[in-house]
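Report on the following structure.
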Amino acid sequence: MKNGLNALRVIVLVFFVLAALPAWAAVNQIPDVRVLIDISGSMKKSDPQNLRIPATRLIAGLMPDGSRCGVWTFGRYVNMLVPVRNVDDEWRELAREKSTLINSAGLYTNIEGVLENASSGWFEYDPNTKRNIILLSDGYVDVSKNPDESAESRRRIIEKTLPRLKKAGVIVHTVALSEDADHQLLETISVGTGGSYMKATEASQLNRLFLKLFEKSTEVPSLPLKNNKFKVDKSIKNMTLVIMQEGDAKPAAVILPGGKSFNQAFHPKTVKWHHENGFDLVTIESPVEGLWQIDANIDPDNRVIVATNIELGVSPLPNSIMPNEIIHIYGHMLEDGKPLIKRRLLDNIDMVLLQEQHNGTAQSIHLSDSGIPPDLGVGDGVFSATMKPLDVQGVYELSVIAVSPTFEREYRHTLQVMGEPVSIDVKELGADKDGIFLMTLTPRIDRSILVIESLTVKLADSEQPAVELPRDDNETWSFELPHKVEGKYLTFAAEGKIDGKREFSYEWDIAMPGVPPLPSVVTDVVGKGEVIIAQESVENTVIGGAIEEHVSADNSDGKEPGAADAQVSDHQEADSGKDAKSHDTNWALVIGIITGVNLLFAIGGGVWWWLARKRKKSGEVDEFEVVVPESVGVQAGASVSAKKGAEPAAKAESNASLDMNQDAALEVIEKAKEVEAEADKVA
């Protein structure tokens, strides 16, 4: 197959630019955050240590003065655990006290009730308020013993509650704390309101997830950390340190400029130190100017959140995108809530975007104010860059860092790259059905948010036309495929719109049962900047004897496996031996070796091309027919999971943060300064 049977080969997205200028969030919006915590009985299994308590306290402790916040719990009934009020020390203390009442005693899971209760009074958009809801659940809508009543409640969430929240400008972030949660509903709610959908495979991830959702909901300014060190400038009135403390981590301390330190047991009166299971919160009033350090484990989720009149503003970024969607990023500095326009200061500001890649590394992209697209004007104080497209499903970290001689600021964001618009289930029917496969496709997100206008299937890399798949009354696709597709790859193509605005065209492959495993790709870093790609051998546990065919075809030239490599290795060893005896170069021998190696590669390439053609011809099957069965109820036969073909190294959907390597961004900025200095000297 083409491109090594890549599962995601062709992805095209039509992205609409809303305006000629970047859209900035409304200035001076007051954050209003509502936290909704599931306390149904199933939480005894999903969260046996009740780690929902410290996660709730993390958000409560970080909410800035003057913002608004409230906490609700829900099971069968909805309870306002902490009333919505302006946040101050008294409210934070009340939230810590009331959070001890979070339990797992609820009988049902009334998601509709808690959404309606927590958003009471929110009917119209308020430009002065930044409204966010954080919803945590581990189950399905469950309001009664009668399943019809639960289904009706779920329908009302999508058809009534969700449109009202969108109209009122409410962003809902959802967290699924179980594989058994209603992922379709939670993702529909978040994508439909422009929020984030996150999955926690275990409750120990809640602190980190809630930290990220707090940052999205409030967009408070923060300082970049480099090896747990950070620079405090004179504009900072107070700061709160988030120090992640997991496992056997040593007790944390904070080192001031000049070398003195303090900890939880001994600290100045201007410091409030709060310890919880998994983290420390340290609030410091009127911090002295200079280089500070957190004396604790270096953790990518450590934070320095500050109150200051100099902030880094970044144009609103989407929380969910389709693969390969093009995103432009614009950043500017704000002083007292207004764009910084002092030319003397702007000329000394550098900005860098740190963008996580699917393999966990980070790429640095310099934001410029040069007027070269996507930048819109030279020297206007707006710095611009284009994100490197992401083509692998998962959750990614972004960080924009601004550095000047007098201050440093950071803006952090998590971005979900959505995957296939449908989930696929394959059942191999009984022997009486002659090995027919029953395939069922279910929309990943409700059709009110993600509309699939066309869905087709064909044999991968086949010249046959794609078959348009008919959907049933339940908005799913169910059809039968002949047994001849066993061991083959199928190519699906979907077209549609997200939220009625963003068009997408998305193509991907799946492997039918019987496809042999593919070699995984291993990346080794050798020295600075060098990367070696190596392939592991194919496993020998292959269904239906396919491995014997594969090996016999590869060795059809009569050579032992690896013979060409052995010859190259012999030449290299001979050359190395002669080089050890004499420093004189035998150019005739070198030319002979190069010619021989090139000849081997040419022969090997010809053999590979011939084998590829032979395999393709032998693997071709006749055009098949998609049959819609009269009944698609429970069928005989075991369920077989379809698997994506040739995915890159697996990126777990764990939302635990990866190290964004902020040092790399700061190094890029330093190099840029050195280049500018050299240019000045030449001038």
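Starting from 1 in every chain, residues are counted up; chains themselves are A, B, ... following the order of the structure tokens, and ligands are numbered from 1 as listed.
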* Might you pull out every residue within 9 Å of stretch 32-41 of chain A, with only C-alpha atoms counted and same-chain residues fewer than 6 positions away left off, and present them as a PyMOL selection string? => chain A and resi 52+56+59+63+67-76+84+86+102-111+114-115+118-119+129-139+214+217-218
* For A:Val467: contacts at 8 Å, only C-alpha atoms, fewer than 3 positions along chain excluded, given as a ChimeraX atom specification -> /A:456-458,626
Save out the residues we just selected, N, CA and C atoms, as a compact mmCIF listing (two decimals), in the first residue's frame.
# COMPACT_ATOMS: atom_id res chain seq x y z
N THR A 456 -18.02 7.04 2.68
CA THR A 456 -17.79 6.02 1.66
C THR A 456 -16.74 5.03 2.13
N VAL A 457 -16.69 3.87 1.47
CA VAL A 457 -15.70 2.84 1.78
C VAL A 457 -15.26 2.16 0.50
N LYS A 458 -14.01 1.74 0.47
CA LYS A 458 -13.49 0.94 -0.64
C LYS A 458 -12.27 0.18 -0.14
N VAL A 626 -21.50 -3.87 -0.83
CA VAL A 626 -21.92 -3.59 0.54
C VAL A 626 -23.40 -3.93 0.65
Quick one: everything within 7 Å of stretch 442-452 of chain A, counting only C-alpha atoms, minus sequence neighbours fewer than 4 positions away in the same chain. Send it as a short mmCIF file (atom, residue, chain, number, x, y, z; two decimals) with C-alpha atoms, in the first residue's frame.
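Now in around.cif:
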data_model
loop_
_atom_site.label_atom_id
_atom_site.label_comp_id
_atom_site.auth_asym_id
_atom_site.auth_seq_id
_atom_site.Cartn_x
_atom_site.Cartn_y
_atom_site.Cartn_z
CA GLN A 184 -20.29 10.81 22.87
CA GLU A 187 -17.60 15.35 23.73
CA THR A 188 -20.74 16.70 22.07
CA GLY A 192 -20.62 22.20 20.81
CA PRO A 421 -15.70 11.08 13.06
CA VAL A 422 -17.14 7.60 13.65
CA SER A 423 -16.39 4.64 15.88
CA ILE A 424 -16.28 1.27 14.09
CA THR A 476 -25.71 4.81 12.27
CA TRP A 477 -24.31 2.81 9.37
CA ALA A 494 -16.05 11.27 5.42
CA GLU A 495 -17.18 14.79 4.55
CA GLY A 496 -19.25 17.16 6.61
CA LYS A 497 -19.31 20.16 8.93
CA ILE A 498 -18.49 20.85 12.56
CA ASP A 499 -21.05 23.04 14.30
#
* Select from stretch 34-140 of chain A everything DSSP, run on the backbone, classes as alpha helix (DSSP H), then give the selection as a ChimeraX atom specification. => /A:43-46,52-62,89-98,111-118
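Take the candidates A:Glu202, A:Glu112, A:Asp148, A:Glu468 and check each one against A:Ile189 using only C-alpha atoms; the shortest distance goes to A:Glu112.
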* Residues flagged strand (DSSP E or B) by DSSP in stretch 10-223 of chain A, as an MDAnalysis selection string -> chainID A and resid 11:14 30:38 40 68:74 78:86 106 109 129:137 142 171:176 197:199 222
Export of the given selection (N, CA and C atoms) as a compact mmCIF listing (two decimals), in the first residue's frame:
# COMPACT_ATOMS: atom_id res chain seq x y z
N ILE A 11 -5.71 13.99 4.44
CA ILE A 11 -6.59 14.78 5.29
C ILE A 11 -6.64 16.19 4.73
N VAL A 12 -7.80 16.66 4.40
CA VAL A 12 -7.93 18.01 3.87
C VAL A 12 -8.97 18.73 4.71
N LEU A 13 -8.63 19.92 5.17
CA LEU A 13 -9.59 20.67 5.97
C LEU A 13 -9.73 22.07 5.41
N VAL A 14 -10.96 22.52 5.23
CA VAL A 14 -11.20 23.88 4.79
C VAL A 14 -11.40 24.72 6.04
N ILE A 30 -14.58 39.32 33.54
CA ILE A 30 -14.47 38.71 34.87
C ILE A 30 -14.75 37.22 34.75
N PRO A 31 -13.82 36.35 35.17
CA PRO A 31 -14.07 34.91 35.08
C PRO A 31 -15.21 34.48 36.01
N ASP A 32 -16.10 33.66 35.51
CA ASP A 32 -17.18 33.07 36.31
C ASP A 32 -17.16 31.57 36.01
N VAL A 33 -16.71 30.79 36.97
CA VAL A 33 -16.45 29.36 36.75
C VAL A 33 -17.37 28.54 37.66
N ARG A 34 -18.05 27.57 37.08
CA ARG A 34 -18.93 26.66 37.82
C ARG A 34 -18.34 25.25 37.71
N VAL A 35 -18.08 24.62 38.85
CA VAL A 35 -17.46 23.29 38.90
C VAL A 35 -18.52 22.27 39.31
N LEU A 36 -18.74 21.23 38.47
CA LEU A 36 -19.79 20.24 38.69
C LEU A 36 -19.16 18.87 38.90
N ILE A 37 -19.37 18.27 40.08
CA ILE A 37 -18.69 17.04 40.47
C ILE A 37 -19.70 15.89 40.61
N ASP A 38 -19.47 14.83 39.89
CA ASP A 38 -20.29 13.61 39.95
C ASP A 38 -20.02 12.89 41.27
N SER A 40 -22.00 9.99 42.03
CA SER A 40 -22.78 8.75 41.89
C SER A 40 -22.00 7.58 42.48
N ARG A 68 -15.58 35.01 40.06
CA ARG A 68 -16.73 34.35 40.67
C ARG A 68 -16.61 32.85 40.45
N CYS A 69 -17.08 32.10 41.44
CA CYS A 69 -16.97 30.63 41.33
C CYS A 69 -17.99 29.98 42.25
N GLY A 70 -18.42 28.78 41.88
CA GLY A 70 -19.31 27.97 42.69
C GLY A 70 -19.07 26.50 42.39
N VAL A 71 -19.46 25.63 43.32
CA VAL A 71 -19.24 24.19 43.18
C VAL A 71 -20.57 23.47 43.42
N TRP A 72 -20.90 22.53 42.53
CA TRP A 72 -22.09 21.69 42.66
C TRP A 72 -21.68 20.21 42.69
N THR A 73 -22.46 19.41 43.39
CA THR A 73 -22.33 17.95 43.30
C THR A 73 -23.66 17.41 42.77
N PHE A 74 -23.59 16.24 42.12
CA PHE A 74 -24.83 15.68 41.58
C PHE A 74 -24.77 14.16 41.55
N VAL A 78 -29.31 17.36 42.87
CA VAL A 78 -28.28 18.37 42.61
C VAL A 78 -28.13 19.23 43.85
N ASN A 79 -26.88 19.42 44.28
CA ASN A 79 -26.61 20.18 45.50
C ASN A 79 -25.58 21.27 45.22
N MET A 80 -25.92 22.52 45.56
CA MET A 80 -24.93 23.59 45.46
C MET A 80 -24.03 23.49 46.68
N LEU A 81 -22.86 22.90 46.47
CA LEU A 81 -21.95 22.64 47.58
C LEU A 81 -21.32 23.93 48.09
N VAL A 82 -20.85 24.76 47.17
CA VAL A 82 -20.24 26.05 47.52
C VAL A 82 -20.97 27.12 46.72
N PRO A 83 -21.65 28.06 47.38
CA PRO A 83 -22.43 29.07 46.65
C PRO A 83 -21.56 29.93 45.74
N VAL A 84 -22.17 30.40 44.65
CA VAL A 84 -21.48 31.30 43.73
C VAL A 84 -21.33 32.67 44.40
N ARG A 85 -20.07 33.09 44.54
CA ARG A 85 -19.80 34.39 45.15
C ARG A 85 -18.52 34.96 44.54
N ASN A 86 -18.26 36.23 44.82
CA ASN A 86 -16.98 36.80 44.46
C ASN A 86 -15.89 36.11 45.27
N GLY A 106 -24.28 8.92 45.65
CA GLY A 106 -25.43 9.21 44.80
C GLY A 106 -25.98 7.96 44.14
N THR A 109 -27.23 9.59 38.03
CA THR A 109 -26.30 10.55 37.43
C THR A 109 -27.10 11.58 36.65
N THR A 129 -18.38 39.12 31.16
CA THR A 129 -18.16 37.92 31.96
C THR A 129 -17.64 36.78 31.09
N LYS A 130 -16.65 36.10 31.59
CA LYS A 130 -16.10 34.92 30.91
C LYS A 130 -16.68 33.68 31.59
N ARG A 131 -17.70 33.09 30.99
CA ARG A 131 -18.46 32.00 31.62
C ARG A 131 -17.90 30.65 31.22
N ASN A 132 -17.56 29.84 32.21
CA ASN A 132 -17.04 28.49 31.97
C ASN A 132 -17.65 27.52 32.97
N ILE A 133 -17.94 26.31 32.49
CA ILE A 133 -18.39 25.20 33.34
C ILE A 133 -17.41 24.06 33.19
N ILE A 134 -17.03 23.46 34.31
CA ILE A 134 -16.17 22.27 34.31
C ILE A 134 -17.01 21.12 34.85
N LEU A 135 -17.28 20.14 33.99
CA LEU A 135 -18.17 19.02 34.33
C LEU A 135 -17.36 17.73 34.39
N LEU A 136 -17.38 17.08 35.54
CA LEU A 136 -16.70 15.79 35.74
C LEU A 136 -17.73 14.70 35.96
N SER A 137 -17.66 13.62 35.15
CA SER A 137 -18.58 12.50 35.32
C SER A 137 -17.92 11.21 34.87
N ASP A 142 -28.49 9.11 33.87
CA ASP A 142 -29.26 8.08 34.58
C ASP A 142 -30.10 8.78 35.63
N ILE A 171 -18.89 28.31 27.90
CA ILE A 171 -17.98 27.26 27.43
C ILE A 171 -17.98 26.14 28.46
N VAL A 172 -18.28 24.92 28.01
CA VAL A 172 -18.34 23.78 28.92
C VAL A 172 -17.18 22.84 28.63
N HIS A 173 -16.36 22.61 29.65
CA HIS A 173 -15.27 21.64 29.57
C HIS A 173 -15.72 20.36 30.27
N THR A 174 -15.53 19.22 29.63
CA THR A 174 -15.98 17.96 30.22
C THR A 174 -14.80 17.02 30.46
N VAL A 175 -14.89 16.28 31.57
CA VAL A 175 -13.87 15.29 31.92
C VAL A 175 -14.56 13.95 32.15
N ALA A 176 -14.16 12.94 31.40
CA ALA A 176 -14.70 11.59 31.56
C ALA A 176 -13.74 10.79 32.43
N TYR A 197 -12.68 18.54 25.81
CA TYR A 197 -13.12 17.22 26.27
C TYR A 197 -11.87 16.43 26.63
N MET A 198 -11.81 15.95 27.87
CA MET A 198 -10.63 15.22 28.33
C MET A 198 -11.05 13.90 28.96
N LYS A 199 -10.20 12.90 28.79
CA LYS A 199 -10.43 11.59 29.39
C LYS A 199 -9.34 11.32 30.42
N SER A 222 1.09 34.13 33.75
CA SER A 222 2.04 33.26 34.44
C SER A 222 3.45 33.54 33.94
Find the residues near stretch 251-268 of chain A: any atom within 10 Å, counting only C-alpha atoms, skip ones fewer than 5 places away on the same chain, and give them as a compact mmCIF listing (two decimals) with N, CA and C atoms, in the first residue's frame.
# COMPACT_ATOMS: atom_id res chain seq x y z
N ASN A 228 12.97 24.93 37.00
CA ASN A 228 12.33 25.37 38.24
C ASN A 228 12.76 26.76 38.69
N LYS A 229 13.41 27.51 37.81
CA LYS A 229 13.80 28.88 38.13
C LYS A 229 12.93 29.85 37.33
N LYS A 231 11.96 34.40 36.82
CA LYS A 231 12.34 35.78 37.10
C LYS A 231 11.12 36.59 37.50
N VAL A 232 11.22 37.24 38.63
CA VAL A 232 10.15 38.11 39.13
C VAL A 232 10.53 39.56 38.85
N LEU A 241 2.50 29.74 43.50
CA LEU A 241 3.26 28.64 42.93
C LEU A 241 2.45 27.36 43.02
N ILE A 243 3.11 23.53 42.85
CA ILE A 243 4.23 22.59 42.88
C ILE A 243 3.65 21.18 42.94
N MET A 244 3.78 20.43 41.86
CA MET A 244 3.26 19.07 41.82
C MET A 244 4.12 18.16 42.68
N GLN A 245 3.47 17.44 43.60
CA GLN A 245 4.18 16.58 44.55
C GLN A 245 3.51 15.21 44.53
N TRP A 273 1.00 28.81 52.68
CA TRP A 273 1.42 27.52 52.11
C TRP A 273 0.34 26.49 52.39
N HIS A 274 -0.23 25.95 51.33
CA HIS A 274 -1.30 24.96 51.48
C HIS A 274 -0.87 23.66 50.80
N HIS A 275 -0.86 22.58 51.56
CA HIS A 275 -0.45 21.27 51.03
C HIS A 275 -1.67 20.38 50.84
N PHE A 279 -0.07 18.00 45.45
CA PHE A 279 0.45 19.31 45.08
C PHE A 279 0.55 20.23 46.31
N ASP A 280 1.36 21.28 46.15
CA ASP A 280 1.44 22.38 47.12
C ASP A 280 1.03 23.67 46.41
N LEU A 281 0.28 24.52 47.11
CA LEU A 281 -0.02 25.87 46.63
C LEU A 281 0.66 26.86 47.57
N VAL A 282 1.51 27.71 47.00
CA VAL A 282 2.27 28.68 47.79
C VAL A 282 1.96 30.07 47.25
N ILE A 284 2.47 34.13 47.60
CA ILE A 284 3.47 35.06 48.13
C ILE A 284 3.06 36.47 47.78
N PRO A 287 6.32 39.85 46.18
CA PRO A 287 7.60 39.14 46.05
C PRO A 287 8.71 40.10 45.60
N VAL A 288 9.93 39.87 46.10
CA VAL A 288 11.05 40.73 45.74
C VAL A 288 11.48 40.42 44.30
N GLU A 289 12.03 41.41 43.67
CA GLU A 289 12.47 41.29 42.29
C GLU A 289 13.73 40.45 42.22
N GLY A 290 13.85 39.59 41.18
CA GLY A 290 15.05 38.79 41.00
C GLY A 290 14.75 37.37 40.58
N LEU A 291 15.78 36.52 40.64
CA LEU A 291 15.67 35.12 40.21
C LEU A 291 15.28 34.23 41.39
N TRP A 292 14.12 33.58 41.28
CA TRP A 292 13.60 32.68 42.30
C TRP A 292 13.78 31.23 41.82
N GLN A 293 13.61 30.30 42.76
CA GLN A 293 13.71 28.88 42.39
C GLN A 293 12.79 28.05 43.26
N ILE A 294 12.14 27.08 42.64
CA ILE A 294 11.37 26.06 43.36
C ILE A 294 12.30 24.89 43.63
N ASP A 295 12.52 24.59 44.90
CA ASP A 295 13.39 23.47 45.28
C ASP A 295 12.52 22.23 45.44
N ALA A 296 12.25 21.58 44.31
CA ALA A 296 11.41 20.38 44.28
C ALA A 296 11.66 19.68 42.96
N ASN A 297 10.98 18.57 42.75
CA ASN A 297 11.12 17.86 41.48
C ASN A 297 10.69 18.77 40.32
* Separation of atom CA of A:Phe407 and atom CA of A:Pro64, in Å? ->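 Here the two named atoms are 21.1 Å from each other.
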* Closest of A:Leu398, A:Ile327, A:Ala385, A:Leu211 to A:Thr361 - atom-to-atom distances counting only C-alpha atoms ->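 With only C-alpha atoms as the atom set, the closest residue is A:Leu398.
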* To do: Quick one: pull the distance between atom CA of A:Glu215 and atom CA of A:Arg154, Å, one decimal.
  => 29.0 Å
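The shortest atom-to-atom distance to A:Phe504, with only C-alpha atoms taken into account, belongs to A:Met322 out of A:Leu177, A:Val271, A:Val170, A:Met322.
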* When distances are computed from only C-alpha atoms, which of A:Arg96, A:Thr414, A:Glu335, A:Leu340 shows the smallest separation from A:Leu209? ->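 Distance minimum relative to A:Leu209 lands on A:Thr414.
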* **Gap from atom CA of A:Thr193 to atom CA of A:Asn319 - Å, one decimal** =>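 One can read the atom CA of A:Thr193 to atom CA of A:Asn319 distance as 10.1 Å.
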Mind checking which residues fall within 10 Å of A:Ser370, counting only C-alpha atoms, ignoring those fewer than 3 positions away in the same chain, and posting them as a PDB file with C-alpha atoms, in the first residue's frame?
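result-v5.pdb was written with the following content:
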ATOM      1  CA  LEU A 367       6.597  34.732  16.438  1.00  0.00           C
ATOM      2  CA  PRO A 373       2.050  36.640   6.609  1.00  0.00           C
ATOM      3  CA  PRO A 374       0.506  35.552   8.837  1.00  0.00           C
ATOM      4  CA  ASP A 375       1.744  38.757  10.518  1.00  0.00           C
ATOM      5  CA  LEU A 376      -0.480  41.649   9.471  1.00  0.00           C
ATOM      6  CA  GLY A 377       1.643  44.742  10.060  1.00  0.00           C
ATOM      7  CA  VAL A 378       5.281  45.700  10.572  1.00  0.00           C
ATOM      8  CA  GLY A 379       6.048  46.930  14.062  1.00  0.00           C
ATOM      9  CA  ASP A 380       2.418  47.062  15.217  1.00  0.00           C
ATOM     10  CA  GLY A 381       3.185  45.151  18.405  1.00  0.00           C
ATOM     11  CA  VAL A 382       1.288  42.035  17.276  1.00  0.00           C
ATOM     12  CA  PHE A 383       3.566  38.998  16.940  1.00  0.00           C
ATOM     13  CA  SER A 384       2.419  36.190  14.667  1.00  0.00           C
TER      14      SER A 384
END
Quick one: residues within 6 Å of A:Val403, only C-alpha atoms counted, chain neighbours fewer than 4 positions away excluded, as a short mmCIF file (atom, residue, chain, number, x, y, z; two decimals) with N, CA and C atoms, in the first residue's frame?
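Output saved as result21.cif:
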data_model
loop_
_atom_site.label_atom_id
_atom_site.label_comp_id
_atom_site.auth_asym_id
_atom_site.auth_seq_id
_atom_site.Cartn_x
_atom_site.Cartn_y
_atom_site.Cartn_z
N ILE A 349 11.24 42.91 22.72
CA ILE A 349 10.42 41.75 23.08
C ILE A 349 10.61 40.64 22.04
N ASP A 350 10.85 39.45 22.53
CA ASP A 350 10.90 38.25 21.67
C ASP A 350 9.80 37.30 22.11
N GLU A 408 9.30 38.57 31.86
CA GLU A 408 9.01 37.35 31.11
C GLU A 408 7.57 36.94 31.41
#
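Ranking A:Leu345, A:Leu455, A:Met512, A:Leu62 by their shortest atom-to-atom distance to A:His332, with only C-alpha atoms included, puts A:Leu345 first.
With distances restricted to only C-alpha atoms, A:Tyr411 is the closest residue to A:Glu311 from A:Tyr396, A:Trp508, A:Tyr411, A:Phe230.
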Polymer residues at most 8 Å from A:Tyr489, only C-alpha atoms, same-chain spacing of 2 or more positions, as a compact mmCIF listing (two decimals) with C-alpha atoms, in the first residue's frame:
# COMPACT_ATOMS: atom_id res chain seq x y z
CA LEU A 459 -10.56 -1.46 -0.63
CA ALA A 460 -7.43 0.50 0.23
CA VAL A 485 -12.11 -8.60 2.74
CA GLY A 487 -6.86 -9.60 5.92
CA THR A 491 -10.34 3.09 3.21
CA ASP A 509 -7.69 3.25 6.77
CA ILE A 510 -8.68 0.41 9.06
CA ALA A 511 -7.35 -3.14 9.08
CA MET A 512 -9.86 -5.96 8.91
CA VAL A 515 -4.08 -8.34 8.82
CA GLY A 645 -3.41 0.48 10.05
